[in-house]
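Have a look at start_36.cif below; it lists mmCIF, C-alpha atoms.
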```
data_query
#
loop_
_atom_site.label_atom_id
_atom_site.label_comp_id
_atom_site.auth_asym_id
_atom_site.auth_seq_id
_atom_site.Cartn_x
_atom_site.Cartn_y
_atom_site.Cartn_z
CA MET A 1 39.43 -170.57 -71.58
CA ARG A 2 41.24 -173.86 -71.11
CA THR A 3 41.57 -175.57 -74.43
CA GLY A 4 45.06 -177.06 -74.18
CA THR A 5 46.35 -177.10 -77.75
CA GLY A 6 43.16 -175.46 -78.95
CA LYS A 7 42.03 -178.65 -80.70
CA SER A 8 39.23 -180.84 -79.44
CA PRO A 9 40.58 -184.36 -78.79
CA PRO A 10 39.04 -187.16 -80.86
CA VAL A 11 36.46 -189.47 -79.36
CA HIS A 12 37.14 -193.19 -79.53
CA PRO A 13 34.23 -195.32 -78.33
CA ILE A 14 34.86 -198.40 -76.24
CA ARG A 15 32.17 -201.00 -75.86
CA LEU A 16 32.27 -202.69 -72.48
CA GLY A 17 30.24 -205.88 -72.57
CA THR A 18 29.10 -207.94 -69.62
CA LEU A 19 31.86 -207.45 -67.08
CA GLY A 20 30.86 -210.08 -64.56
CA SER A 21 29.59 -210.04 -61.02
CA ALA A 22 30.68 -207.90 -58.08
CA SER A 23 32.93 -210.71 -56.87
CA THR A 24 35.18 -210.23 -59.91
CA LEU A 25 35.35 -206.47 -59.56
CA PRO A 26 39.13 -206.19 -58.85
CA ASP A 27 39.97 -208.05 -62.09
CA VAL A 28 37.45 -205.94 -63.95
CA ARG A 29 39.07 -202.75 -62.69
CA ARG A 30 42.52 -203.90 -63.69
CA ILE A 31 41.34 -204.83 -67.19
CA ALA A 32 39.40 -201.58 -67.58
CA GLY A 33 42.38 -199.65 -66.29
CA ILE A 34 44.71 -201.13 -68.91
CA VAL A 35 42.27 -200.34 -71.72
CA LEU A 36 41.74 -196.81 -70.49
CA ALA A 37 45.47 -196.21 -70.06
CA VAL A 38 46.08 -196.99 -73.74
CA LEU A 39 43.30 -194.71 -74.92
CA LEU A 40 44.05 -191.81 -72.61
CA VAL A 41 47.65 -191.34 -73.79
CA GLY A 42 48.05 -188.07 -75.67
CA GLY A 43 44.81 -186.57 -74.41
CA VAL A 44 42.63 -189.05 -76.25
CA VAL A 45 39.02 -189.00 -75.13
CA ALA A 46 37.69 -192.49 -74.40
CA ALA A 47 34.03 -193.42 -74.43
CA VAL A 48 32.50 -195.81 -71.95
CA VAL A 49 29.07 -197.13 -72.71
CA ALA A 50 27.09 -198.54 -69.80
CA GLY A 51 23.53 -199.81 -69.67
CA ARG A 52 21.84 -201.87 -72.36
CA ASP A 53 25.17 -202.92 -73.88
CA ASN A 54 26.20 -204.34 -70.51
CA GLY A 55 23.74 -207.15 -70.79
CA ASP A 56 21.63 -205.91 -67.90
CA THR A 57 18.14 -207.33 -68.04
CA SER A 58 16.52 -204.23 -66.54
CA THR A 59 14.60 -201.91 -68.82
CA ALA A 60 16.35 -198.53 -68.84
CA THR A 61 13.89 -195.86 -69.93
CA LYS A 62 16.28 -192.91 -70.32
CA THR A 63 19.75 -192.84 -71.88
CA VAL A 64 21.95 -190.12 -70.43
CA ARG A 65 24.90 -188.89 -72.44
CA ALA A 66 27.70 -187.57 -70.20
CA MET A 67 31.19 -186.12 -70.56
CA ILE A 68 33.06 -187.19 -67.42
CA GLY A 69 36.49 -186.84 -65.86
CA SER A 70 38.58 -189.94 -66.55
CA GLU A 71 38.90 -190.79 -62.83
CA LYS A 72 35.16 -191.68 -62.82
CA ALA A 73 35.31 -194.06 -65.79
CA GLU A 74 35.65 -197.16 -63.65
CA PHE A 75 32.74 -196.06 -61.47
CA PHE A 76 30.38 -195.82 -64.44
CA ALA A 77 31.76 -199.06 -65.94
CA ASP A 78 31.14 -200.99 -62.70
CA PRO A 79 28.36 -203.53 -63.43
CA ASP A 80 26.86 -202.88 -59.99
CA VAL A 81 26.59 -199.17 -60.82
CA VAL A 82 25.06 -200.04 -64.20
CA LYS A 83 22.51 -202.26 -62.45
CA ALA A 84 21.66 -199.64 -59.81
CA LEU A 85 21.15 -196.97 -62.47
CA ALA A 86 19.04 -199.30 -64.62
CA ALA A 87 16.83 -199.98 -61.61
CA LYS A 88 16.13 -196.24 -61.51
CA GLY A 89 15.42 -196.12 -65.25
CA TYR A 90 18.76 -194.88 -66.55
CA ALA A 91 21.41 -196.05 -68.97
CA VAL A 92 24.60 -194.01 -69.29
CA GLN A 93 26.69 -193.29 -72.34
CA ALA A 94 29.84 -191.68 -70.97
CA GLU A 95 32.92 -190.24 -72.63
CA THR A 96 36.04 -189.16 -70.74
CA SER A 97 38.09 -185.99 -70.93
CA GLY A 98 40.42 -183.96 -68.78
CA SER A 99 38.25 -181.71 -66.63
CA TRP A 100 39.77 -178.45 -67.86
CA ALA A 101 39.72 -179.66 -71.46
CA MET A 102 35.93 -180.00 -71.41
CA GLU A 103 35.35 -176.33 -72.13
CA GLY A 104 37.07 -176.78 -75.48
CA LEU A 105 34.72 -179.58 -76.51
CA ASP A 106 31.38 -179.28 -78.27
CA LEU A 107 28.89 -180.60 -75.73
CA LYS A 108 25.81 -180.13 -77.87
CA GLY A 109 23.65 -183.23 -77.51
CA TYR A 110 25.02 -184.13 -74.06
CA ASP A 111 22.86 -184.24 -70.96
CA LEU A 112 25.61 -183.33 -68.55
CA ALA A 113 29.28 -182.65 -68.01
CA PHE A 114 30.90 -184.12 -64.89
CA PRO A 115 34.32 -182.53 -64.26
CA SER A 116 36.39 -183.17 -61.18
CA SER A 117 36.08 -179.86 -59.38
CA GLN A 118 34.03 -176.74 -58.91
CA ALA A 119 36.14 -174.31 -60.97
CA PRO A 120 35.81 -176.03 -64.37
CA ALA A 121 32.18 -176.83 -63.52
CA ASP A 122 31.44 -173.15 -62.92
CA GLU A 123 33.10 -172.26 -66.21
CA LEU A 124 30.98 -174.82 -68.06
CA ALA A 125 27.84 -173.74 -66.22
CA ALA A 126 28.39 -170.15 -67.32
CA LYS A 127 29.07 -171.19 -70.91
CA TYR A 128 25.94 -173.35 -71.17
CA LYS A 129 23.78 -171.26 -68.80
CA ALA A 130 23.19 -174.19 -66.45
CA ARG A 131 20.89 -173.43 -63.54
CA GLN A 132 22.43 -173.24 -60.07
CA PRO A 133 22.93 -174.93 -57.69
CA LEU A 134 24.98 -177.64 -59.38
CA PRO A 135 24.75 -181.16 -57.93
CA VAL A 136 27.95 -182.31 -56.18
CA PRO A 137 27.47 -186.06 -55.54
CA PHE A 138 30.91 -186.75 -54.03
CA TYR A 139 34.40 -185.40 -53.49
CA SER A 140 37.97 -186.50 -52.89
CA PRO A 141 40.93 -184.66 -51.33
CA LEU A 142 44.28 -184.60 -53.08
CA VAL A 143 47.02 -186.67 -51.45
CA VAL A 144 50.63 -187.57 -52.16
CA VAL A 145 51.50 -191.25 -52.45
CA ALA A 146 55.03 -192.22 -51.49
CA HIS A 147 57.03 -195.40 -51.21
CA ARG A 148 57.89 -196.13 -47.60
CA GLY A 149 61.58 -195.25 -47.91
CA ALA A 150 60.84 -191.85 -49.44
CA ALA A 151 58.25 -191.07 -46.76
CA GLU A 152 60.70 -191.94 -43.97
CA VAL A 153 63.37 -189.69 -45.46
CA LEU A 154 60.89 -186.81 -45.64
CA ALA A 155 59.94 -187.39 -41.99
CA ASP A 156 63.57 -187.58 -40.86
CA ASN A 157 64.22 -184.21 -42.50
CA GLY A 158 61.22 -182.38 -41.08
CA LEU A 159 59.12 -182.42 -44.24
CA ALA A 160 56.49 -184.89 -43.03
CA VAL A 161 55.06 -186.58 -39.95
CA LEU A 162 54.29 -190.30 -40.17
CA ASP A 163 51.71 -192.49 -38.44
CA LYS A 164 51.82 -196.10 -39.67
CA ASN A 165 51.15 -196.11 -43.42
CA ARG A 166 49.83 -192.57 -43.55
CA GLY A 167 51.20 -189.19 -42.65
CA THR A 168 51.07 -185.44 -43.09
CA LEU A 169 53.16 -183.55 -45.61
CA LYS A 170 54.28 -180.15 -44.33
CA MET A 171 53.52 -177.98 -47.33
CA GLY A 172 55.41 -174.94 -46.08
CA ALA A 173 58.59 -176.94 -45.50
CA TYR A 174 58.21 -178.74 -48.82
CA LEU A 175 57.75 -175.50 -50.78
CA ASP A 176 60.80 -174.04 -49.03
CA ALA A 177 62.82 -177.07 -50.15
CA ALA A 178 61.49 -176.67 -53.69
CA GLU A 179 62.36 -172.98 -53.69
CA ARG A 180 65.96 -173.87 -52.76
CA ASP A 181 66.20 -176.68 -55.34
CA ARG A 182 66.88 -179.29 -52.68
CA THR A 183 67.90 -182.72 -53.95
CA TRP A 184 67.25 -186.10 -52.40
CA GLN A 185 71.01 -186.49 -51.90
CA GLN A 186 70.96 -183.46 -49.58
CA LEU A 187 68.49 -185.18 -47.25
CA LYS A 188 69.87 -187.37 -44.50
CA GLY A 189 69.06 -191.04 -44.91
CA ALA A 190 68.37 -190.84 -48.65
CA GLU A 191 71.63 -192.63 -49.43
CA LYS A 192 70.02 -195.89 -48.28
CA TYR A 193 67.65 -195.84 -51.24
CA GLY A 194 69.12 -195.96 -54.73
CA GLU A 195 65.96 -194.58 -56.34
CA LEU A 196 66.08 -191.35 -54.30
CA THR A 197 68.26 -189.20 -56.53
CA GLY A 198 67.92 -185.86 -58.28
CA THR A 199 65.72 -182.89 -57.41
CA LEU A 200 63.06 -183.37 -54.76
CA TYR A 201 59.62 -182.80 -56.28
CA ILE A 202 56.05 -184.05 -56.36
CA ALA A 203 54.97 -185.40 -59.75
CA THR A 204 51.66 -183.89 -60.87
CA THR A 205 49.52 -183.77 -63.99
CA ASP A 206 49.49 -180.96 -66.55
CA PRO A 207 47.73 -178.01 -64.84
CA GLU A 208 46.46 -176.61 -68.14
CA THR A 209 44.34 -179.66 -68.92
CA SER A 210 44.08 -181.69 -65.71
CA ASN A 211 42.11 -180.87 -62.58
CA SER A 212 44.57 -182.34 -60.07
CA GLY A 213 47.50 -180.41 -61.54
CA ALA A 214 45.55 -177.15 -61.41
CA LEU A 215 44.43 -177.74 -57.81
CA TYR A 216 48.05 -178.46 -56.83
CA LEU A 217 49.04 -174.99 -58.05
CA ALA A 218 46.05 -173.45 -56.25
CA THR A 219 47.18 -175.06 -52.99
CA ALA A 220 50.87 -174.26 -53.43
CA SER A 221 50.19 -170.62 -54.29
CA TYR A 222 47.87 -170.29 -51.29
CA VAL A 223 50.53 -171.61 -48.90
CA ALA A 224 53.34 -169.63 -50.55
CA ALA A 225 51.29 -166.42 -50.21
CA GLY A 226 50.87 -166.93 -46.47
CA GLY A 227 47.30 -168.18 -46.63
CA LYS A 228 45.97 -165.76 -49.21
CA VAL A 229 43.99 -167.00 -52.20
CA ALA A 230 45.13 -165.52 -55.51
CA ALA A 231 42.54 -163.07 -56.78
CA SER A 232 44.39 -160.83 -59.24
CA ALA A 233 47.21 -160.69 -61.78
CA ALA A 234 49.44 -159.18 -59.09
CA ASP A 235 48.78 -162.19 -56.83
CA VAL A 236 49.70 -164.54 -59.65
CA ASP A 237 52.87 -162.55 -60.31
CA ARG A 238 54.05 -162.92 -56.72
CA THR A 239 54.04 -166.72 -56.74
CA ALA A 240 54.64 -167.32 -60.46
CA PRO A 241 58.40 -168.05 -60.15
CA LEU A 242 57.79 -170.79 -57.59
CA MET A 243 54.85 -172.23 -59.52
CA ARG A 244 57.04 -172.34 -62.63
CA LYS A 245 59.73 -174.15 -60.69
CA LEU A 246 57.26 -176.74 -59.33
CA VAL A 247 56.17 -177.58 -62.88
CA SER A 248 59.35 -177.20 -64.92
CA VAL A 249 61.37 -179.57 -62.74
CA GLN A 250 59.02 -182.38 -63.76
CA GLY A 251 59.68 -182.28 -67.50
CA ALA A 252 56.89 -184.03 -69.41
CA GLN A 253 53.71 -184.37 -67.33
CA GLN A 254 50.97 -186.96 -67.49
CA SER A 255 47.54 -185.83 -68.66
CA SER A 256 45.72 -188.14 -66.26
CA THR A 257 46.12 -189.14 -62.61
CA ASP A 258 45.05 -192.66 -63.66
CA ALA A 259 48.26 -193.14 -65.64
CA ALA A 260 50.42 -191.51 -62.96
CA PHE A 261 48.94 -193.67 -60.20
CA ARG A 262 49.35 -196.89 -62.19
CA ASP A 263 53.00 -196.02 -62.82
CA PHE A 264 53.51 -195.48 -59.11
CA VAL A 265 51.85 -198.76 -58.13
CA SER A 266 53.97 -200.63 -60.67
CA GLY A 267 57.14 -199.19 -59.12
CA ALA A 268 57.92 -196.83 -62.01
CA GLY A 269 58.07 -193.06 -62.03
CA ASN A 270 58.70 -190.53 -59.30
CA PRO A 271 58.80 -191.51 -55.59
CA LEU A 272 56.23 -188.79 -54.78
CA VAL A 273 53.05 -188.54 -56.86
CA LEU A 274 49.98 -186.35 -56.40
CA VAL A 275 46.75 -188.36 -56.82
CA TYR A 276 43.17 -188.43 -55.58
CA GLU A 277 42.46 -190.13 -52.27
CA SER A 278 39.69 -191.99 -54.09
CA GLN A 279 42.28 -193.83 -56.19
CA VAL A 280 44.10 -195.00 -53.07
CA ALA A 281 40.90 -196.04 -51.30
CA ALA A 282 39.73 -198.00 -54.35
CA LEU A 283 43.10 -199.77 -54.56
CA LEU A 284 42.94 -200.71 -50.89
CA HIS A 285 39.38 -202.00 -51.36
CA ASP A 286 40.75 -204.40 -53.98
CA LYS A 287 44.13 -205.32 -52.48
CA GLN A 288 43.37 -204.78 -48.77
CA SER A 289 47.01 -203.76 -48.13
CA PHE A 290 50.02 -202.40 -49.91
CA ASP A 291 53.09 -202.72 -47.69
CA ASP A 292 55.29 -200.19 -49.51
CA LEU A 293 52.58 -197.52 -49.75
CA THR A 294 52.46 -194.43 -47.54
CA VAL A 295 49.69 -191.87 -48.04
CA LEU A 296 50.71 -188.31 -47.22
CA TYR A 297 47.94 -185.78 -46.70
CA PRO A 298 49.28 -182.25 -47.32
CA ASP A 299 48.54 -180.18 -44.21
CA THR A 300 46.96 -177.75 -46.66
CA THR A 301 45.25 -179.36 -49.63
CA ALA A 302 42.30 -178.93 -51.96
CA ASN A 303 39.22 -181.06 -52.34
CA SER A 304 38.23 -182.28 -55.76
CA ASP A 305 34.48 -181.64 -55.74
CA HIS A 306 33.06 -183.83 -58.51
CA THR A 307 30.39 -181.51 -59.84
CA VAL A 308 27.59 -182.25 -62.30
CA VAL A 309 26.84 -179.52 -64.84
CA PRO A 310 23.31 -180.28 -66.10
CA LEU A 311 22.82 -179.44 -69.76
CA THR A 312 19.27 -180.86 -69.89
CA ASP A 313 16.52 -181.65 -67.39
CA ASN A 314 17.51 -185.30 -67.73
CA GLY A 315 21.06 -184.41 -66.74
CA ARG A 316 19.92 -182.54 -63.63
CA ALA A 317 17.68 -185.39 -62.49
CA PHE A 318 20.57 -187.79 -63.01
CA GLY A 319 22.97 -185.64 -61.01
CA GLU A 320 20.50 -185.36 -58.15
CA LEU A 321 20.01 -189.14 -58.20
CA LEU A 322 23.76 -189.69 -57.82
CA SER A 323 23.69 -187.39 -54.81
CA SER A 324 20.69 -188.89 -53.02
CA ASP A 325 20.33 -192.59 -53.86
CA PRO A 326 21.68 -194.74 -50.98
CA VAL A 327 22.83 -197.58 -53.25
CA LEU A 328 24.72 -195.25 -55.58
CA ARG A 329 26.30 -193.45 -52.62
CA GLU A 330 27.48 -196.80 -51.26
CA LEU A 331 28.94 -197.70 -54.63
CA ALA A 332 30.69 -194.34 -54.82
CA VAL A 333 32.38 -195.15 -51.50
CA ARG A 334 33.45 -198.51 -52.92
CA HIS A 335 35.27 -196.56 -55.60
CA GLY A 336 36.94 -194.40 -52.96
CA PHE A 337 34.81 -191.24 -53.23
CA ARG A 338 33.46 -189.38 -50.21
CA PRO A 339 29.68 -188.76 -50.58
CA GLN A 340 28.59 -185.23 -49.78
CA GLY A 341 26.82 -184.58 -46.53
CA ALA A 342 27.70 -187.63 -44.42
CA THR A 343 31.14 -188.72 -43.25
CA ALA A 344 29.85 -191.87 -41.54
CA GLU A 345 29.43 -193.75 -44.83
CA PHE A 346 33.06 -193.27 -45.83
CA THR A 347 34.41 -193.85 -42.32
CA LYS A 348 32.56 -197.13 -41.92
CA ALA A 349 33.44 -198.45 -45.37
CA THR A 350 37.14 -197.62 -45.07
CA ALA A 351 37.58 -198.80 -41.46
CA PRO A 352 39.82 -201.74 -42.54
CA HIS A 353 42.19 -199.23 -44.17
CA ALA A 354 42.40 -196.65 -41.39
CA ALA A 355 46.17 -197.23 -41.18
CA TYR A 356 46.45 -195.67 -44.65
CA LEU A 357 43.61 -193.13 -44.74
CA ASN A 358 42.93 -190.03 -42.68
CA GLN A 359 39.24 -190.82 -42.58
CA LYS A 360 38.09 -187.64 -40.86
CA LEU A 361 40.77 -185.41 -42.46
CA THR A 362 41.98 -184.49 -38.98
CA GLY A 363 44.45 -181.61 -39.01
CA ILE A 364 44.02 -180.93 -42.74
CA ARG A 365 43.20 -177.41 -43.91
CA GLN A 366 41.33 -176.80 -47.15
CA ALA A 367 42.83 -174.22 -49.50
CA PRO A 368 40.28 -171.97 -51.25
CA VAL A 369 40.49 -172.32 -55.02
CA PRO A 370 40.86 -169.19 -57.18
CA THR A 371 38.37 -168.36 -59.89
CA SER A 372 38.80 -170.25 -63.13
CA GLU A 373 40.18 -167.13 -64.82
CA VAL A 374 42.90 -166.68 -62.20
CA LEU A 375 43.71 -170.39 -62.06
CA ASP A 376 43.95 -170.48 -65.83
CA GLU A 377 46.50 -167.68 -65.80
CA MET A 378 48.41 -169.35 -62.97
CA ALA A 379 48.62 -172.61 -64.94
CA ARG A 380 49.66 -170.82 -68.11
CA ARG A 381 52.45 -168.98 -66.30
CA ALA A 382 53.58 -172.16 -64.55
CA ARG A 383 53.83 -174.01 -67.84
CA GLY A 384 55.74 -171.14 -69.39
#
```

Since I need it in another form, could you write the structure as structure tokens?
Amino acid sequence: MRTGTGKSPPVHPIRLGTLGSASTLPDVRRIAGIVLAVLLVGGVVAAVVAGRDNGDTSTATKTVRAMIGSEKAEFFADPDVVKALAAKGYAVQAETSGSWAMEGLDLKGYDLAFPSSQAPADELAAKYKARQPLPVPFYSPLVVVAHRGAAEVLADNGLAVLDKNRGTLKMGAYLDAAERDRTWQQLKGAEKYGELTGTLYIATTDPETSNSGALYLATASYVAAGGKVAASAADVDRTAPLMRKLVSVQGAQQSSTDAAFRDFVSGAGNPLVLVYESQVAALLHDKQSFDDLTVLYPDTTANSDHTVVPLTDNGRAFGELLSSDPVLRELAVRHGFRPQGATAEFTKATAPHAAYLNQKLTGIRQAPVPTSEVLDEMARRARG
């Protein structure tokens, strides 16, 4: 069971009033991001209320209460999403939490939980006896964002291959460097960049409470084990020293990829940061370009399958609507998510940013994710 400290984080409601039209969406996202960043520090659970409080004139007939991963907060706060849901008869009252922390919360009275991947969703489904199959409206692969100088140094030392503002991170070579405690100073060309000092590592979120951090360990252990998914305590034992090293070198870890990504964009923090592709795609939708940004797709990575766990019939109908409604699918793409079942929607929408995004995930292998029980033990061992 993933409960972090064992205490359920407090809920602090935020009322988001009328946020404006679609033309002001970039400013809205920046404002919402700042508010959420303040509230998410320390594992705080923020509440986002969308629907009638948004000033929408539509008559929403059903209010859905949802516990969602924080990376989807801006999607549900988007006034266009609010409008599209209201047109289908829904208003949403959403609260955010780390995906793995959801199991430690009391979800009585909620219509659905909406974590960021299949493993915590399966754990919640078992706990609340949710009927299978679970709706999976959209997904996002994990990527590593790097400043251009750092990406070029990795490429010059055989750790990555670059193509314009995107590239491929060689996970085997990177894990070998991590195993040997390689520093930036030991890599040729790093001396040109003053910020490239200290141990080479990818900054990730806390794997005990955050989905992206847990999936990072799942991927790293899979590659380190020669392409074998961990399925037992013995499998965890074999890669535990390396997993511990990948985490301990980071010191304090963020609890949310939102905070980590904002730090990266602002120029602070580590030169290599693990985030969701959806965060990058949404940024590019707003800014159109980001000259210093390079997006590295690990040659072996894990998809974050945003999975709805219906707790009521209302919650299941809502999850199925997110999966099937064309307008909501289009809005999900606007926020950087890849809708399930059709690649054409994402490819078309992100065509202006093809220099940054591997739209068809060419050459990228998906790592199978261990069961929640195994992944929980792996995270616990990695954190020490």

message: Just the number, please: distance in Å from atom CA of Ile68 of chain A to atom CA of His306 of chain A, one decimal.
response: 9.5 Å

message: If we count all atoms listed in the file and set the cut-off at 12 Å, which residues sit around Lys192 of chain A, ignoring sequence neighbours fewer than 4 positions away in its own chain? Please answer as a ChimeraX atom specification.
response: /A:149-150,152-153,184-185,187-188,196-197

- request: Please write the residues picked by the PyMOL selection byres ((chain A and resi 298) around 7) on this file as a ChimeraX atom specification.
  value: /A:143,168-171,296-297,299-301

Written selection (C-alpha atoms) as a PDB file, in the coordinates of the input:
```pdb
ATOM      1  CA  VAL A 143      47.020-186.670 -51.450  1.00  0.00           C
ATOM      2  CA  THR A 168      51.070-185.440 -43.090  1.00  0.00           C
ATOM      3  CA  LEU A 169      53.160-183.550 -45.610  1.00  0.00           C
ATOM      4  CA  LYS A 170      54.280-180.150 -44.330  1.00  0.00           C
ATOM      5  CA  MET A 171      53.520-177.980 -47.330  1.00  0.00           C
ATOM      6  CA  LEU A 296      50.710-188.310 -47.220  1.00  0.00           C
ATOM      7  CA  TYR A 297      47.940-185.780 -46.700  1.00  0.00           C
ATOM      8  CA  ASP A 299      48.540-180.180 -44.210  1.00  0.00           C
ATOM      9  CA  THR A 300      46.960-177.750 -46.660  1.00  0.00           C
ATOM     10  CA  THR A 301      45.250-179.360 -49.630  1.00  0.00           C
TER      11      THR A 301
END
```

- request: Could you list the residues chosen by the PyMOL selection byres ((chain A and resi 257) around 9) in this structure as number ranges by chain?
  value: A: 70-71, 204-205, 210, 212-213, 254-256, 258-262, 274-276, 279

message: If we count all atoms listed in the file and set the cut-off at 7 Å, which residues sit around segment 303-305 of chain A, ignoring sequence neighbours fewer than 4 positions away in its own chain? Please answer as a PyMOL selection string.
response: chain A and resi 116-118+136+138-142

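Applied to the shown file, the PyMOL selection byres ((chain A and resi 127) around 12) selects the residues Met1, Met102, Glu103, Gly104, Leu105, Asp106, Leu107, Lys108, Ala113, Pro120, Ala121, Asp122, Glu123, Leu124, Ala125, Ala126, Tyr128, Lys129, Ala130, Arg131, Val309, Pro310 and Leu311 of chain A.
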
- request: Rounded to one decimal place, report the atom CA of Arg238 of chain A-atom CA of Glu208 of chain A distance in Å.
  value: 19.4 Å

task: Could you pull out every residue with an atom within 6 Å of (46.7, -197.0, -40.2), file coordinates, counting all atoms listed in the file, and send them as an NGL selection string?
output: :A and (164-165 or 354-356)

message: Need to verify the contact set: segment 241-245 of chain A, 8 Å, all atoms listed in the file, exclusion of same-chain residues closer than 3 positions in sequence. Can you return it as a PyMOL selection string?
response: chain A and resi 178-179+217+220-221+237-238+248-249+378+381-384

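Taking only C-alpha atoms into account, His335 of chain A lies nearest to A:Ala73 out of the set A:Ala268, A:Val295, A:Ala73, A:Leu162.
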
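For the pair atom CA of Ala379 of chain A and atom CA of Tyr201 of chain A, the separation is 17.3 Å.
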
field: Sphere at (36.0, -198.5, -44.5), radius 10 Å, counting all atoms listed in the file: residues as a PyMOL selection string
entry: chain A and resi 281+284-285+333-334+336+344-354+357+359

Write out the residues from the selection above, keeping C-alpha atoms, as an mmCIF file, in the coordinates of the input.
```
data_model
loop_
_atom_site.group_PDB
_atom_site.id
_atom_site.type_symbol
_atom_site.label_atom_id
_atom_site.label_comp_id
_atom_site.auth_asym_id
_atom_site.auth_seq_id
_atom_site.Cartn_x
_atom_site.Cartn_y
_atom_site.Cartn_z
ATOM 1 C CA ALA A 281 40.900 -196.040 -51.300
ATOM 2 C CA LEU A 284 42.940 -200.710 -50.890
ATOM 3 C CA HIS A 285 39.380 -202.000 -51.360
ATOM 4 C CA VAL A 333 32.380 -195.150 -51.500
ATOM 5 C CA ARG A 334 33.450 -198.510 -52.920
ATOM 6 C CA GLY A 336 36.940 -194.400 -52.960
ATOM 7 C CA ALA A 344 29.850 -191.870 -41.540
ATOM 8 C CA GLU A 345 29.430 -193.750 -44.830
ATOM 9 C CA PHE A 346 33.060 -193.270 -45.830
ATOM 10 C CA THR A 347 34.410 -193.850 -42.320
ATOM 11 C CA LYS A 348 32.560 -197.130 -41.920
ATOM 12 C CA ALA A 349 33.440 -198.450 -45.370
ATOM 13 C CA THR A 350 37.140 -197.620 -45.070
ATOM 14 C CA ALA A 351 37.580 -198.800 -41.460
ATOM 15 C CA PRO A 352 39.820 -201.740 -42.540
ATOM 16 C CA HIS A 353 42.190 -199.230 -44.170
ATOM 17 C CA ALA A 354 42.400 -196.650 -41.390
ATOM 18 C CA LEU A 357 43.610 -193.130 -44.740
ATOM 19 C CA GLN A 359 39.240 -190.820 -42.580
#
```

- prompt: Skipping near chain neighbours, those fewer than 6 positions away, what residues fall within 9 Å of Tyr174 of chain A using only C-alpha atoms, listed as an MDAnalysis selection string?
  reply: chainID A and resid 159:160 200:201

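For Ala146 of chain A, the list of residues within 9 Å, based on all atoms listed in the file and with local chain neighbours fewer than 6 positions off taken out, reads Phe264, Asn270, Pro271, Leu272, Val273, Asp292, Leu293, Thr294, Val295 and Leu296 of chain A.
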
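Of the listed residues A:Lys88, A:Arg380, A:Lys72, A:Lys228, the one whose atoms come nearest to Ser278 of chain A is A:Lys72, with distances taken using only C-alpha atoms.
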